[in-house]
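K.L.:
Have a look at this one.
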Amino acid sequence: MPSSGQITIWASDLNDNSFDNCTAKGDLRYSFSSNVNNTSVTYDCDDIPNGIEETFEVTVYVTDEAGNQDFCTT
């Protein structure tokens with residue numbers, strides 16, 4: 001984590017080769033919920049209870065140009 005004590009993660013940072021049969025890869029939208037505008041999340045030291053490390057479960061959604069969505073949780 002940077003010295004600022006917080007870091008912003010973008011849903012697109014967690015994409016691992018998502019694709020669609022009709023939408024170009026560059027036109028897919030990534031988000032942390034079904035709301036396509038929920039594209040980032042910021043974590044800070046308060047999110048790490050023991051102050052050393054923490055594992056977070058996140059869900060990443062991919063949305064095509066027609067509004068179809070799929071997601072994975074990791």
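Following the order of the structure tokens, first chain is A, next is B, and so on, with residues numbered from 1 inside each chain and ligands from 1 in the order they appear.
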Just want the 9 Å neighbourhood of segment 4-20 of chain A, counted on only C-alpha atoms, with same-chain residues fewer than 6 positions away dropped. Output as a list in words.
P.N.:
Leu28, Arg29, Tyr30, Ser31, Phe32, Asn38, Thr39, Ser40, Val41, Thr42, Tyr43, Asp44, Cys45, Thr59, Val60, Tyr61, Val62 and Asp64 of chain A
K.L.:
Please write the residues from the selection above to a file, keeping C-alpha atoms, as a CSV table (one decimal), in the first residue's frame.
P.N.:
```csv
chain,number,residue,atom,x,y,z
A,28,LEU,CA,-16.7,-4.2,-22.3
A,29,ARG,CA,-17.3,-2.4,-19.0
A,30,TYR,CA,-16.0,-3.7,-15.7
A,31,SER,CA,-17.5,-2.9,-12.3
A,32,PHE,CA,-17.7,-4.2,-8.7
A,38,ASN,CA,-19.2,1.2,-9.6
A,39,THR,CA,-15.8,0.9,-11.3
A,40,SER,CA,-13.4,1.3,-8.4
A,41,VAL,CA,-13.0,0.7,-4.7
A,42,THR,CA,-10.6,2.4,-2.3
A,43,TYR,CA,-9.1,0.4,0.6
A,44,ASP,CA,-7.3,2.0,3.5
A,45,CYS,CA,-5.6,0.9,6.7
A,59,THR,CA,-17.0,-9.7,-7.2
A,60,VAL,CA,-16.2,-8.3,-10.7
A,61,TYR,CA,-18.9,-7.8,-13.3
A,62,VAL,CA,-18.4,-7.5,-17.0
A,64,ASP,CA,-21.4,-5.8,-22.9
```
K.L.:
As a list in words, which residues of chain A does DSSP assign to strand (DSSP E or B)?
P.N.:
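After running DSSP on the backbone, chain A has strand (DSSP E or B) at Gln6, Ile7, Thr8, Ile9, Trp10, Arg29, Tyr30, Ser31, Ser40, Val41, Thr42, Tyr43, Asp44, Thr59, Val60, Tyr61, Val62, Thr63, Gln69, Asp70, Phe71, Cys72 and Thr73 of chain A.
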K.L.:
Could you list, as a PyMOL selection string, every residue within 12 Å of Cys22 of chain A, counting only C-alpha atoms and ignoring same-chain residues fewer than 3 positions away?
P.N.:
chain A and resi 19+25-28+63-68
K.L.:
DSSP on the backbone: which residues in segment 17-74 of chain A end up as helix (DSSP H, G or I)? Give the answer as a count of residues only.
P.N.:
6
K.L.:
Could you tell me how far atom CA of Pro49 of chain A lies from atom CA of Ser34 of chain A, in Å and to one decimal?
P.N.:
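Atom CA of Ser34 of chain A lies 27.8 Å from atom CA of Pro49 of chain A.
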K.L.:
Quick one, how far is atom CA of Thr55 of chain A from atom CA of Ser3 of chain A?
P.N.:
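Distance between the two atoms: 19.8 Å.
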K.L.:
My list of candidates is A:Asn50, A:Ala24, A:Phe56, A:Ser33. Which is closest to Cys72 of chain A when distances are computed with only C-alpha atoms?
P.N.:
A:Ser33
